[in-house]
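Structure file query.cif (mmCIF, C-alpha atoms and all ligand atoms) follows.
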```cif
data_upload
#
loop_
_atom_site.group_PDB
_atom_site.id
_atom_site.type_symbol
_atom_site.label_atom_id
_atom_site.label_comp_id
_atom_site.auth_asym_id
_atom_site.auth_seq_id
_atom_site.Cartn_x
_atom_site.Cartn_y
_atom_site.Cartn_z
ATOM 1 C CA MET A 1492 2.329 -27.359 -10.091
ATOM 2 C CA THR A 1493 4.859 -24.563 -10.047
ATOM 3 C CA ALA A 1494 3.308 -21.156 -9.619
ATOM 4 C CA ARG A 1495 3.505 -18.357 -12.141
ATOM 5 C CA ILE A 1496 5.230 -15.302 -10.668
ATOM 6 C CA LEU A 1497 3.165 -12.155 -10.130
ATOM 7 C CA ASP A 1498 6.019 -9.882 -11.138
ATOM 8 C CA GLY A 1499 5.554 -6.588 -9.305
ATOM 9 C CA ARG A 1500 8.761 -5.148 -10.728
ATOM 10 C CA ALA A 1501 7.635 -5.586 -14.339
ATOM 11 C CA VAL A 1502 4.047 -4.451 -13.760
ATOM 12 C CA SER A 1503 5.114 -1.441 -11.690
ATOM 13 C CA ALA A 1504 7.651 -0.440 -14.360
ATOM 14 C CA ALA A 1505 4.810 -0.248 -16.907
ATOM 15 C CA MET A 1506 2.678 1.726 -14.435
ATOM 16 C CA LEU A 1507 5.522 4.142 -13.719
ATOM 17 C CA GLU A 1508 6.061 4.689 -17.439
ATOM 18 C CA ARG A 1509 2.394 5.699 -17.688
ATOM 19 C CA VAL A 1510 2.850 8.013 -14.681
ATOM 20 C CA ARG A 1511 5.957 9.554 -16.297
ATOM 21 C CA ARG A 1512 3.919 10.417 -19.406
ATOM 22 C CA GLU A 1513 1.086 11.821 -17.281
ATOM 23 C CA VAL A 1514 3.537 13.990 -15.317
ATOM 24 C CA ALA A 1515 5.005 15.363 -18.560
ATOM 25 C CA GLU A 1516 1.493 16.177 -19.840
ATOM 26 C CA PHE A 1517 0.647 17.829 -16.534
ATOM 27 C CA VAL A 1518 3.780 20.002 -16.618
ATOM 28 C CA ASP A 1519 2.977 21.056 -20.204
ATOM 29 C CA ALA A 1520 -0.594 21.920 -19.284
ATOM 30 C CA TYR A 1521 -0.075 23.731 -15.973
ATOM 31 C CA ASP A 1522 3.555 24.848 -15.975
ATOM 32 C CA ARG A 1523 4.252 23.298 -12.588
ATOM 33 C CA THR A 1524 5.380 19.891 -11.360
ATOM 34 C CA PRO A 1525 3.265 17.549 -9.205
ATOM 35 C CA THR A 1526 4.766 17.390 -5.719
ATOM 36 C CA LEU A 1527 4.751 14.639 -3.112
ATOM 37 C CA VAL A 1528 5.798 15.377 0.461
ATOM 38 C CA THR A 1529 6.988 12.493 2.610
ATOM 39 C CA VAL A 1530 6.920 12.947 6.372
ATOM 40 C CA LEU A 1531 9.186 10.748 8.431
ATOM 41 C CA VAL A 1532 9.178 10.722 12.223
ATOM 42 C CA GLY A 1533 12.184 9.213 13.986
ATOM 43 C CA ASP A 1534 15.182 7.152 12.947
ATOM 44 C CA ASP A 1535 13.835 3.762 11.920
ATOM 45 C CA PRO A 1536 16.342 2.613 9.251
ATOM 46 C CA ALA A 1537 13.731 0.671 7.240
ATOM 47 C CA SER A 1538 11.463 3.737 7.132
ATOM 48 C CA HIS A 1539 14.397 5.874 5.939
ATOM 49 C CA THR A 1540 14.998 3.371 3.146
ATOM 50 C CA TYR A 1541 11.327 3.374 2.098
ATOM 51 C CA VAL A 1542 11.204 7.179 2.047
ATOM 52 C CA ARG A 1543 14.413 7.334 -0.008
ATOM 53 C CA MET A 1544 13.023 4.801 -2.490
ATOM 54 C CA LYS A 1545 9.876 6.887 -2.883
ATOM 55 C CA ALA A 1546 11.939 10.053 -3.533
ATOM 56 C CA ASN A 1547 14.046 8.196 -6.132
ATOM 57 C CA ARG A 1548 10.952 6.964 -7.945
ATOM 58 C CA CYS A 1549 9.494 10.482 -7.929
ATOM 59 C CA ALA A 1550 12.653 11.772 -9.605
ATOM 60 C CA LYS A 1551 12.466 9.002 -12.223
ATOM 61 C CA VAL A 1552 8.960 9.976 -13.288
ATOM 62 C CA GLY A 1553 9.738 13.714 -13.245
ATOM 63 C CA MET A 1554 7.766 14.467 -10.081
ATOM 64 C CA ASP A 1555 9.035 16.735 -7.304
ATOM 65 C CA SER A 1556 9.392 15.313 -3.828
ATOM 66 C CA ARG A 1557 10.045 17.036 -0.548
ATOM 67 C CA ARG A 1558 11.154 15.272 2.576
ATOM 68 C CA VAL A 1559 10.115 16.421 6.032
ATOM 69 C CA GLU A 1560 12.094 14.685 8.779
ATOM 70 C CA LEU A 1561 10.939 15.095 12.360
ATOM 71 C CA ASP A 1562 12.514 14.094 15.612
ATOM 72 C CA ALA A 1563 11.342 10.840 17.236
ATOM 73 C CA THR A 1564 10.331 12.765 20.375
ATOM 74 C CA ILE A 1565 7.894 15.080 18.568
ATOM 75 C CA SER A 1566 4.387 15.245 20.102
ATOM 76 C CA THR A 1567 1.177 14.242 18.358
ATOM 77 C CA GLU A 1568 0.068 17.905 18.459
ATOM 78 C CA THR A 1569 3.204 19.143 16.700
ATOM 79 C CA LEU A 1570 2.969 16.422 14.067
ATOM 80 C CA VAL A 1571 -0.709 17.179 13.500
ATOM 81 C CA SER A 1572 -0.023 20.890 13.075
ATOM 82 C CA ARG A 1573 2.857 20.176 10.619
ATOM 83 C CA LEU A 1574 0.557 17.934 8.564
ATOM 84 C CA ARG A 1575 -2.169 20.601 8.604
ATOM 85 C CA GLU A 1576 0.330 23.165 7.293
ATOM 86 C CA LEU A 1577 1.256 20.824 4.444
ATOM 87 C CA SER A 1578 -2.429 20.176 3.786
ATOM 88 C CA ALA A 1579 -2.971 23.933 3.393
ATOM 89 C CA ASP A 1580 0.113 24.441 1.176
ATOM 90 C CA ALA A 1581 -1.003 24.966 -2.438
ATOM 91 C CA GLY A 1582 2.390 23.725 -3.666
ATOM 92 C CA VAL A 1583 1.791 20.243 -2.229
ATOM 93 C CA ASP A 1584 -0.273 17.670 -4.134
ATOM 94 C CA GLY A 1585 0.261 14.549 -2.047
ATOM 95 C CA ILE A 1586 1.283 13.832 1.542
ATOM 96 C CA LEU A 1587 2.642 10.546 2.825
ATOM 97 C CA LEU A 1588 3.198 10.012 6.536
ATOM 98 C CA GLN A 1589 5.565 7.062 6.768
ATOM 99 C CA HIS A 1590 4.058 4.268 8.884
ATOM 100 C CA PRO A 1591 4.740 3.281 11.622
ATOM 101 C CA VAL A 1592 5.241 6.389 13.755
ATOM 102 C CA PRO A 1593 6.777 6.090 17.256
ATOM 103 C CA ASP A 1594 4.477 4.476 19.828
ATOM 104 C CA HIS A 1595 3.737 7.635 21.832
ATOM 105 C CA ILE A 1596 2.151 9.307 18.784
ATOM 106 C CA ASP A 1597 -1.540 8.912 18.005
ATOM 107 C CA GLU A 1598 -1.129 7.721 14.418
ATOM 108 C CA ARG A 1599 -4.844 7.968 13.647
ATOM 109 C CA ALA A 1600 -4.924 11.626 14.734
ATOM 110 C CA ALA A 1601 -1.909 12.286 12.516
ATOM 111 C CA PHE A 1602 -3.430 10.525 9.499
ATOM 112 C CA GLU A 1603 -6.643 12.521 9.943
ATOM 113 C CA ALA A 1604 -4.656 15.782 9.753
ATOM 114 C CA ILE A 1605 -3.946 14.993 6.089
ATOM 115 C CA ASP A 1606 -6.427 16.719 3.793
ATOM 116 C CA PRO A 1607 -8.340 13.950 1.962
ATOM 117 C CA SER A 1608 -7.587 15.639 -1.378
ATOM 118 C CA LYS A 1609 -3.862 15.040 -0.676
ATOM 119 C CA ASP A 1610 -4.213 11.602 0.920
ATOM 120 C CA VAL A 1611 -2.379 9.798 -1.884
ATOM 121 C CA ASP A 1612 -1.393 6.960 0.471
ATOM 122 C CA GLY A 1613 -5.079 6.367 1.249
ATOM 123 C CA VAL A 1614 -4.841 6.371 5.048
ATOM 124 C CA THR A 1615 -7.633 8.726 6.132
ATOM 125 C CA ARG A 1616 -11.118 7.671 7.201
ATOM 126 C CA THR A 1617 -12.478 9.540 4.187
ATOM 127 C CA SER A 1618 -10.345 7.504 1.790
ATOM 128 C CA PHE A 1619 -11.272 4.264 3.544
ATOM 129 C CA ALA A 1620 -14.973 5.080 3.316
ATOM 130 C CA THR A 1621 -14.953 6.080 -0.353
ATOM 131 C CA MET A 1622 -12.940 2.957 -1.155
ATOM 132 C CA ALA A 1623 -15.243 0.707 0.890
ATOM 133 C CA PHE A 1624 -18.334 2.207 -0.776
ATOM 134 C CA ASP A 1625 -16.602 1.730 -4.142
ATOM 135 C CA GLU A 1626 -16.952 5.448 -4.886
ATOM 136 C CA GLY A 1627 -13.466 6.184 -6.218
ATOM 137 C CA GLY A 1628 -11.106 8.346 -4.190
ATOM 138 C CA PHE A 1629 -7.640 7.292 -3.136
ATOM 139 C CA ARG A 1630 -6.935 3.685 -2.350
ATOM 140 C CA SER A 1631 -4.681 2.641 0.440
ATOM 141 C CA ALA A 1632 -1.466 2.319 -1.588
ATOM 142 C CA THR A 1633 -0.495 -1.280 -0.840
ATOM 143 C CA PRO A 1634 -4.014 -2.720 -1.297
ATOM 144 C CA GLY A 1635 -4.404 -0.611 -4.456
ATOM 145 C CA GLY A 1636 -1.077 -1.995 -5.710
ATOM 146 C CA ILE A 1637 -2.142 -5.572 -4.938
ATOM 147 C CA MET A 1638 -5.340 -5.133 -6.948
ATOM 148 C CA ALA A 1639 -3.411 -3.604 -9.874
ATOM 149 C CA LEU A 1640 -1.049 -6.587 -9.836
ATOM 150 C CA LEU A 1641 -3.938 -9.100 -9.820
ATOM 151 C CA ASN A 1642 -5.602 -7.138 -12.650
ATOM 152 C CA ALA A 1643 -2.419 -7.155 -14.729
ATOM 153 C CA TYR A 1644 -2.447 -10.968 -14.681
ATOM 154 C CA GLU A 1645 -6.233 -11.118 -15.147
ATOM 155 C CA VAL A 1646 -6.571 -13.212 -12.005
ATOM 156 C CA PRO A 1647 -10.259 -14.106 -11.665
ATOM 157 C CA LEU A 1648 -11.754 -12.960 -8.349
ATOM 158 C CA ALA A 1649 -15.545 -13.124 -8.709
ATOM 159 C CA GLY A 1650 -16.944 -15.985 -6.656
ATOM 160 C CA LYS A 1651 -13.507 -16.903 -5.287
ATOM 161 C CA HIS A 1652 -12.872 -17.318 -1.591
ATOM 162 C CA ALA A 1653 -10.216 -14.786 -0.554
ATOM 163 C CA VAL A 1654 -8.602 -15.127 2.864
ATOM 164 C CA VAL A 1655 -6.812 -12.026 4.135
ATOM 165 C CA VAL A 1656 -4.422 -12.642 7.011
ATOM 166 C CA GLY A 1657 -4.040 -9.346 8.904
ATOM 167 C CA ARG A 1658 -6.565 -6.590 9.579
ATOM 168 C CA SER A 1659 -4.579 -3.366 9.881
ATOM 169 C CA PRO A 1660 -6.326 -0.166 8.732
ATOM 170 C CA ILE A 1661 -3.740 0.459 6.007
ATOM 171 C CA LEU A 1662 -3.433 -3.031 4.588
ATOM 172 C CA GLY A 1663 -5.521 -6.001 5.731
ATOM 173 C CA LYS A 1664 -8.892 -4.273 6.118
ATOM 174 C CA PRO A 1665 -8.779 -2.241 2.904
ATOM 175 C CA VAL A 1666 -7.523 -5.083 0.711
ATOM 176 C CA GLY A 1667 -10.464 -7.172 1.932
ATOM 177 C CA MET A 1668 -12.874 -4.388 0.928
ATOM 178 C CA LEU A 1669 -11.316 -4.149 -2.539
ATOM 179 C CA LEU A 1670 -11.585 -7.920 -3.011
ATOM 180 C CA LEU A 1671 -15.217 -7.755 -1.884
ATOM 181 C CA ALA A 1672 -15.857 -5.025 -4.469
ATOM 182 C CA ARG A 1673 -14.578 -7.495 -7.075
ATOM 183 C CA ASP A 1674 -17.145 -10.067 -5.897
ATOM 184 C CA ALA A 1675 -14.789 -12.305 -3.945
ATOM 185 C CA THR A 1676 -16.094 -13.929 -0.757
ATOM 186 C CA VAL A 1677 -13.783 -12.534 1.901
ATOM 187 C CA THR A 1678 -12.612 -13.992 5.213
ATOM 188 C CA TYR A 1679 -10.376 -11.977 7.531
ATOM 189 C CA CYS A 1680 -7.916 -13.764 9.828
ATOM 190 C CA HIS A 1681 -5.858 -12.131 12.579
ATOM 191 C CA SER A 1682 -3.902 -12.855 15.732
ATOM 192 C CA ARG A 1683 -6.976 -14.280 17.487
ATOM 193 C CA THR A 1684 -7.983 -16.591 14.641
ATOM 194 C CA ALA A 1685 -7.989 -20.066 16.147
ATOM 195 C CA ASP A 1686 -7.688 -22.194 13.038
ATOM 196 C CA LEU A 1687 -5.573 -20.327 10.521
ATOM 197 C CA ALA A 1688 -4.359 -23.428 8.656
ATOM 198 C CA ASP A 1689 -7.971 -24.621 8.190
ATOM 199 C CA ARG A 1690 -9.072 -21.206 6.908
ATOM 200 C CA LEU A 1691 -6.175 -21.097 4.463
ATOM 201 C CA ALA A 1692 -6.956 -24.602 3.223
ATOM 202 C CA GLU A 1693 -10.255 -23.119 1.913
ATOM 203 C CA ALA A 1694 -8.652 -20.109 0.224
ATOM 204 C CA ASP A 1695 -8.641 -19.621 -3.536
ATOM 205 C CA VAL A 1696 -6.777 -16.343 -2.940
ATOM 206 C CA VAL A 1697 -4.496 -15.705 0.028
ATOM 207 C CA VAL A 1698 -3.336 -12.210 0.975
ATOM 208 C CA ALA A 1699 -0.723 -12.322 3.725
ATOM 209 C CA ALA A 1700 -0.352 -9.026 5.611
ATOM 210 C CA VAL A 1701 1.197 -9.830 8.969
ATOM 211 C CA GLY A 1702 4.965 -9.203 9.128
ATOM 212 C CA ARG A 1703 6.052 -12.573 10.576
ATOM 213 C CA PRO A 1704 8.594 -14.323 8.380
ATOM 214 C CA GLU A 1705 7.249 -17.531 6.825
ATOM 215 C CA MET A 1706 4.453 -17.964 9.366
ATOM 216 C CA ILE A 1707 2.189 -19.264 6.578
ATOM 217 C CA ARG A 1708 3.429 -22.726 5.725
ATOM 218 C CA GLY A 1709 3.571 -23.885 2.127
ATOM 219 C CA ASP A 1710 1.579 -27.017 2.921
ATOM 220 C CA TRP A 1711 -1.358 -24.900 4.170
ATOM 221 C CA ILE A 1712 -1.907 -23.542 0.649
ATOM 222 C CA LYS A 1713 -4.741 -25.068 -1.386
ATOM 223 C CA PRO A 1714 -3.539 -26.451 -4.739
ATOM 224 C CA GLY A 1715 -4.035 -23.810 -7.441
ATOM 225 C CA ALA A 1716 -4.499 -20.907 -4.997
ATOM 226 C CA VAL A 1717 -3.261 -17.399 -5.769
ATOM 227 C CA VAL A 1718 -0.811 -16.236 -3.099
ATOM 228 C CA VAL A 1719 -0.096 -12.549 -2.513
ATOM 229 C CA ASP A 1720 2.509 -11.921 0.160
ATOM 230 C CA ALA A 1721 2.600 -8.323 1.410
ATOM 231 C CA GLY A 1722 4.551 -9.183 4.550
ATOM 232 C CA TYR A 1723 8.094 -7.949 4.845
ATOM 233 C CA ALA A 1724 10.248 -8.515 7.903
ATOM 234 C CA ASP A 1725 13.917 -9.505 8.028
ATOM 235 C CA ASN A 1726 13.927 -9.426 4.202
ATOM 236 C CA THR A 1727 11.374 -12.243 4.210
ATOM 237 C CA GLY A 1728 7.670 -12.527 3.455
ATOM 238 C CA ASP A 1729 4.915 -14.063 5.575
ATOM 239 C CA VAL A 1730 4.656 -17.126 3.322
ATOM 240 C CA GLU A 1731 7.071 -20.035 3.116
ATOM 241 C CA TYR A 1732 7.804 -19.201 -0.509
ATOM 242 C CA ALA A 1733 9.447 -22.278 -2.059
ATOM 243 C CA ALA A 1734 6.920 -24.739 -0.640
ATOM 244 C CA ALA A 1735 3.949 -22.469 -1.432
ATOM 245 C CA ALA A 1736 5.157 -21.972 -5.018
ATOM 246 C CA GLU A 1737 4.900 -25.732 -5.544
ATOM 247 C CA LYS A 1738 1.157 -25.605 -4.817
ATOM 248 C CA ALA A 1739 -0.024 -22.153 -5.920
ATOM 249 C CA SER A 1740 -1.105 -21.124 -9.425
ATOM 250 C CA PHE A 1741 0.274 -17.592 -8.966
ATOM 251 C CA ILE A 1742 2.565 -16.185 -6.272
ATOM 252 C CA THR A 1743 4.284 -12.887 -5.499
ATOM 253 C CA PRO A 1744 8.020 -12.998 -4.780
ATOM 254 C CA VAL A 1745 9.415 -11.116 -1.778
ATOM 255 C CA PRO A 1746 10.983 -8.742 -2.635
ATOM 256 C CA GLY A 1747 9.753 -7.816 -6.102
ATOM 257 C CA GLY A 1748 6.037 -8.495 -5.683
ATOM 258 C CA VAL A 1749 3.852 -6.156 -3.665
ATOM 259 C CA GLY A 1750 6.490 -3.573 -2.639
ATOM 260 C CA PRO A 1751 7.113 -1.994 -6.081
ATOM 261 C CA MET A 1752 3.361 -1.919 -6.743
ATOM 262 C CA THR A 1753 2.820 0.147 -3.581
ATOM 263 C CA ILE A 1754 5.174 2.881 -4.756
ATOM 264 C CA ALA A 1755 3.745 2.902 -8.287
ATOM 265 C CA THR A 1756 0.219 3.268 -6.868
ATOM 266 C CA LEU A 1757 1.334 6.102 -4.605
ATOM 267 C CA LEU A 1758 2.834 8.029 -7.536
ATOM 268 C CA ALA A 1759 -0.124 7.338 -9.830
ATOM 269 C CA GLN A 1760 -2.414 8.736 -7.125
ATOM 270 C CA THR A 1761 -0.166 11.789 -6.669
ATOM 271 C CA VAL A 1762 -0.405 12.825 -10.308
ATOM 272 C CA GLY A 1763 -4.150 12.196 -10.073
ATOM 273 C CA ALA A 1764 -4.313 14.470 -7.025
ATOM 274 C CA ALA A 1765 -2.391 17.190 -8.883
ATOM 275 C CA ARG A 1766 -4.901 17.045 -11.761
ATOM 276 C CA ASP A 1767 -7.810 17.228 -9.296
ATOM 277 C CA HIS A 1768 -6.229 20.252 -7.591
ATOM 278 C CA GLU A 1769 -5.891 22.078 -10.916
ATOM 279 C CA ALA A 1770 -9.473 21.192 -11.856
ATOM 280 C CA THR A 1771 -10.803 22.739 -8.634
ATOM 281 C CA ARG A 1772 -8.582 25.853 -8.511
HETATM 282 P P1 LIG A 1801 0.317 -4.429 11.531
HETATM 283 O O1 LIG A 1801 -0.411 -3.155 11.661
HETATM 284 O O2 LIG A 1801 1.314 -4.843 12.549
HETATM 285 O O3 LIG A 1801 -0.775 -5.582 11.399
HETATM 286 C C1 LIG A 1801 -0.415 -6.936 11.411
HETATM 287 C C2 LIG A 1801 -1.654 -7.785 11.381
HETATM 288 O O4 LIG A 1801 -1.236 -9.144 11.483
HETATM 289 C C3 LIG A 1801 -2.619 -7.528 12.542
HETATM 290 O O5 LIG A 1801 -3.934 -7.415 12.061
HETATM 291 C C4 LIG A 1801 -2.447 -8.762 13.434
HETATM 292 O O6 LIG A 1801 -3.624 -9.169 14.080
HETATM 293 C C5 LIG A 1801 -2.053 -9.803 12.420
HETATM 294 N N1 LIG A 1801 -1.324 -10.905 13.067
HETATM 295 C C6 LIG A 1801 -0.304 -10.831 13.951
HETATM 296 N N2 LIG A 1801 0.085 -12.048 14.329
HETATM 297 C C7 LIG A 1801 -0.726 -12.917 13.690
HETATM 298 C C8 LIG A 1801 -0.837 -14.323 13.679
HETATM 299 N N3 LIG A 1801 -0.033 -15.089 14.416
HETATM 300 N N4 LIG A 1801 -1.774 -14.892 12.905
HETATM 301 C C9 LIG A 1801 -2.595 -14.144 12.141
HETATM 302 N N5 LIG A 1801 -2.533 -12.787 12.102
HETATM 303 C C10 LIG A 1801 -1.615 -12.191 12.868
HETATM 304 O O7 LIG A 1801 1.095 -4.498 10.153
HETATM 305 P P2 LIG A 1801 0.795 -3.815 8.715
HETATM 306 O O8 LIG A 1801 1.183 -2.410 8.744
HETATM 307 O O9 LIG A 1801 -0.548 -4.199 8.245
HETATM 308 O O10 LIG A 1801 1.887 -4.584 7.861
HETATM 309 C C11 LIG A 1801 1.858 -5.987 7.712
HETATM 310 C C12 LIG A 1801 3.086 -6.440 6.931
HETATM 311 O O11 LIG A 1801 3.028 -5.862 5.629
HETATM 312 C C13 LIG A 1801 4.421 -5.982 7.523
HETATM 313 O O12 LIG A 1801 5.388 -6.975 7.258
HETATM 314 C C14 LIG A 1801 4.754 -4.752 6.712
HETATM 315 O O13 LIG A 1801 6.164 -4.528 6.633
HETATM 316 C C15 LIG A 1801 4.222 -5.154 5.376
HETATM 317 N N6 LIG A 1801 3.898 -4.009 4.516
HETATM 318 C C16 LIG A 1801 4.381 -4.045 3.283
HETATM 319 C C17 LIG A 1801 4.109 -2.992 2.426
HETATM 320 C C18 LIG A 1801 4.640 -3.052 1.050
HETATM 321 O O14 LIG A 1801 4.584 -2.060 0.350
HETATM 322 N N7 LIG A 1801 5.142 -4.189 0.610
HETATM 323 C C19 LIG A 1801 3.352 -1.909 2.843
HETATM 324 C C20 LIG A 1801 2.816 -1.917 4.128
HETATM 325 C C21 LIG A 1801 3.116 -2.983 4.961
HETATM 326 P P3 LIG A 1801 -4.347 -8.295 15.230
HETATM 327 O O15 LIG A 1801 -5.116 -7.228 14.502
HETATM 328 O O16 LIG A 1801 -5.228 -9.282 15.897
HETATM 329 O O17 LIG A 1801 -3.253 -7.756 16.098
#
```

Just give me the structure as structure tokens.
Amino acid sequence: MTARILDGRAVSAAMLERVRREVAEFVDAYDRTPTLVTVLVGDDPASHTYVRMKANRCAKVGMDSRRVELDATISTETLVSRLRELSADAGVDGILLQHPVPDHIDERAAFEAIDPSKDVDGVTRTSFATMAFDEGGFRSATPGGIMALLNAYEVPLAGKHAVVVGRSPILGKPVGMLLLARDATVTYCHSRTADLADRLAEADVVVAAVGRPEMIRGDWIKPGAVVVDAGYADNTGDVEYAAAAEKASFITPVPGGVGPMTIATLLAQTVGAARDHEATR
């Protein structure tokens, strides 16, 4: 079997076209432009690239973006107070704090300084809880993008065994909750999982969210499984792509799979936040 590609570029392009129309309607209705603020701490080149890509996509859909760049030596307290200021700024609809922040910063404290109504990247406890209870609210952007990609290809999830490799608060944990909400049976694996290959051999759906190039071998994949690779390190995913594609029914390429879906989800949630802000003014 050769897997069908889950084409994140094509699906995200359609999503962004919808967002572009929604932004135009919003501007007509409210005479202002939805605004996303990205906050970047430090000089990590990959983070700079991600933030630039997000700003470019904003421009393409007619959304405003503002970039706040802070020195790598900034304290948690200063970052928290900057995020609180942005949370209180009526001209800001969405706030994204680029992950990861430097090690000395308490990232959780920083995330929690983002007002939940502007948490378009879905990183606060409030967003996690509403998502886990299946009560709407903002989804963590990458998990939300993964689900949109699976939906676009009508990948069946109910009753399937989904194995999520990785349990970070922004990716592994929330994608497992979203799969559970779609009636998948979910197993989480992580760095202490003793028998990863055995767990993956049972997986109808694999979500790889680790950041270790090709650590998931193609021959671990169950024939016909759906493989979603969110990992990205050294321009490579977590899954040994060519070998996995021989066994899977569907697979995401890296790049061009999950990454574009993350940005499209972020922008879709930003225009949604702008509408919510107008509705509650
Ligand atoms: P993270 O916070 O570093 O989490 C990595 C997870 O992988 C942890 O839960 C860790 O387990 C687990 N892990 C580490 N080594 C393992 C092993 N040998 N076997 C099984 N699990 C192992 O990373 P993250 O922020 O979730 O990101 C994960 C990857 O996704 C990275 O490559 C990142 O670049 C990528 N990413 C992509 C997008 C996108 O838009 N495409 C967005 C976000 C992240 P423990 O919990 O036990 O330590």

Check which residues satisfy the PyMOL selection byres (((chain A and resi 1717-1719) around 6) and not hetatm) in the file shown, then give them as a short mmCIF file (atom, residue, chain, number, x, y, z; two decimals) with C-alpha atoms, keeping the file's coordinate frame.
```cif
data_model
loop_
_atom_site.label_atom_id
_atom_site.label_comp_id
_atom_site.auth_asym_id
_atom_site.auth_seq_id
_atom_site.Cartn_x
_atom_site.Cartn_y
_atom_site.Cartn_z
CA VAL A 1696 -6.78 -16.34 -2.94
CA VAL A 1697 -4.50 -15.70 0.03
CA VAL A 1698 -3.34 -12.21 0.98
CA ALA A 1716 -4.50 -20.91 -5.00
CA ASP A 1720 2.51 -11.92 0.16
CA ALA A 1739 -0.02 -22.15 -5.92
CA SER A 1740 -1.10 -21.12 -9.43
CA PHE A 1741 0.27 -17.59 -8.97
CA ILE A 1742 2.56 -16.18 -6.27
CA THR A 1743 4.28 -12.89 -5.50
#
```

Enclose the full set of atoms of ligand LIG 1801 (chain A) listed in the file within a box whose edges lie along x, y and z, apply 3 Å of padding to each of the six sides, and report centre and edge lengths in Å to one decimal as JSON.
```
{"center_x": 0.5, "center_y": -8.5, "center_z": 8.2, "size_x": 17.4, "size_y": 19.2, "size_z": 21.7}
```

Taking only residues of region 1619-1712 of chain A that have an atom at most 12 Å from an atom of region 1579-1589 of chain A, what is each one's shortest atom pair and its distance in Å to one decimal, using only C-alpha atoms, in chain and number order, as JSON lines?
```
{"residue": "A:Phe1629", "atom": "CA", "partner": "A:Gly1585", "partner_atom": "CA", "distance": 10.8}
{"residue": "A:Ser1631", "atom": "CA", "partner": "A:Leu1587", "partner_atom": "CA", "distance": 11.0}
{"residue": "A:Ala1632", "atom": "CA", "partner": "A:Leu1587", "partner_atom": "CA", "distance": 10.2}
{"residue": "A:Ile1661", "atom": "CA", "partner": "A:Gln1589", "partner_atom": "CA", "distance": 11.4}
```

Expansion of the PyMOL selection byres (((not hetatm)) within 6 of (chain A and resi 1801)) into residues, as a PyMOL selection string: chain A and resi 1633+1656-1659+1662-1663+1680-1683+1700-1702+1721-1724+1749-1750+1753

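For the choices A:Arg1690, A:Lys1609, A:His1539, A:His1652, the atom-to-atom distance to Asp1767 (chain A) is smallest for A:Lys1609 when using all atoms listed in the file.
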
How many Å separate CA of Leu1670 (chain A) from CA of Gly1635 (chain A)? 10.3 Å

12 Å contact set for region 1731-1738 of chain A, only C-alpha atoms, chain neighbours under 4 positions out, as a ChimeraX atom specification: /A:1492-1497,1691-1692,1695,1697,1699,1703-1720,1722,1727,1742-1746

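Residue nearest Asp1625 (chain A), chosen from A:Asp1725, A:Asp1674, A:Asp1689, A:Glu1568 and counting only C-alpha atoms: A:Asp1674.
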
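Checking A:Asp1729, A:Leu1640, A:Ser1566, A:Lys1651 one by one against Ile1596 (chain A), counting only C-alpha atoms, you find the shortest gap at A:Ser1566.
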
Rebuild region 1568-1578 of chain A so that it carries N, CA and C atoms, then output the result as a compact mmCIF listing (two decimals), in the frame of the given file.
```
# COMPACT_ATOMS: atom_id res chain seq x y z
N GLU A 1568 0.59 16.57 18.81
CA GLU A 1568 0.07 17.90 18.46
C GLU A 1568 0.97 18.58 17.43
N THR A 1569 2.28 18.48 17.65
CA THR A 1569 3.20 19.14 16.70
C THR A 1569 3.13 18.46 15.33
N LEU A 1570 3.05 17.13 15.34
CA LEU A 1570 2.97 16.42 14.07
C LEU A 1570 1.67 16.79 13.34
N VAL A 1571 0.58 16.82 14.10
CA VAL A 1571 -0.71 17.18 13.50
C VAL A 1571 -0.63 18.58 12.90
N SER A 1572 -0.02 19.52 13.62
CA SER A 1572 -0.02 20.89 13.08
C SER A 1572 0.89 20.98 11.85
N ARG A 1573 1.98 20.20 11.81
CA ARG A 1573 2.86 20.18 10.62
C ARG A 1573 2.09 19.61 9.41
N LEU A 1574 1.31 18.54 9.66
CA LEU A 1574 0.56 17.93 8.56
C LEU A 1574 -0.55 18.87 8.08
N ARG A 1575 -1.13 19.63 9.02
CA ARG A 1575 -2.17 20.60 8.60
C ARG A 1575 -1.56 21.70 7.74
N GLU A 1576 -0.35 22.14 8.11
CA GLU A 1576 0.33 23.16 7.29
C GLU A 1576 0.55 22.65 5.87
N LEU A 1577 1.02 21.40 5.78
CA LEU A 1577 1.26 20.82 4.44
C LEU A 1577 -0.06 20.67 3.69
N SER A 1578 -1.11 20.33 4.42
CA SER A 1578 -2.43 20.18 3.79
C SER A 1578 -2.90 21.50 3.19
```
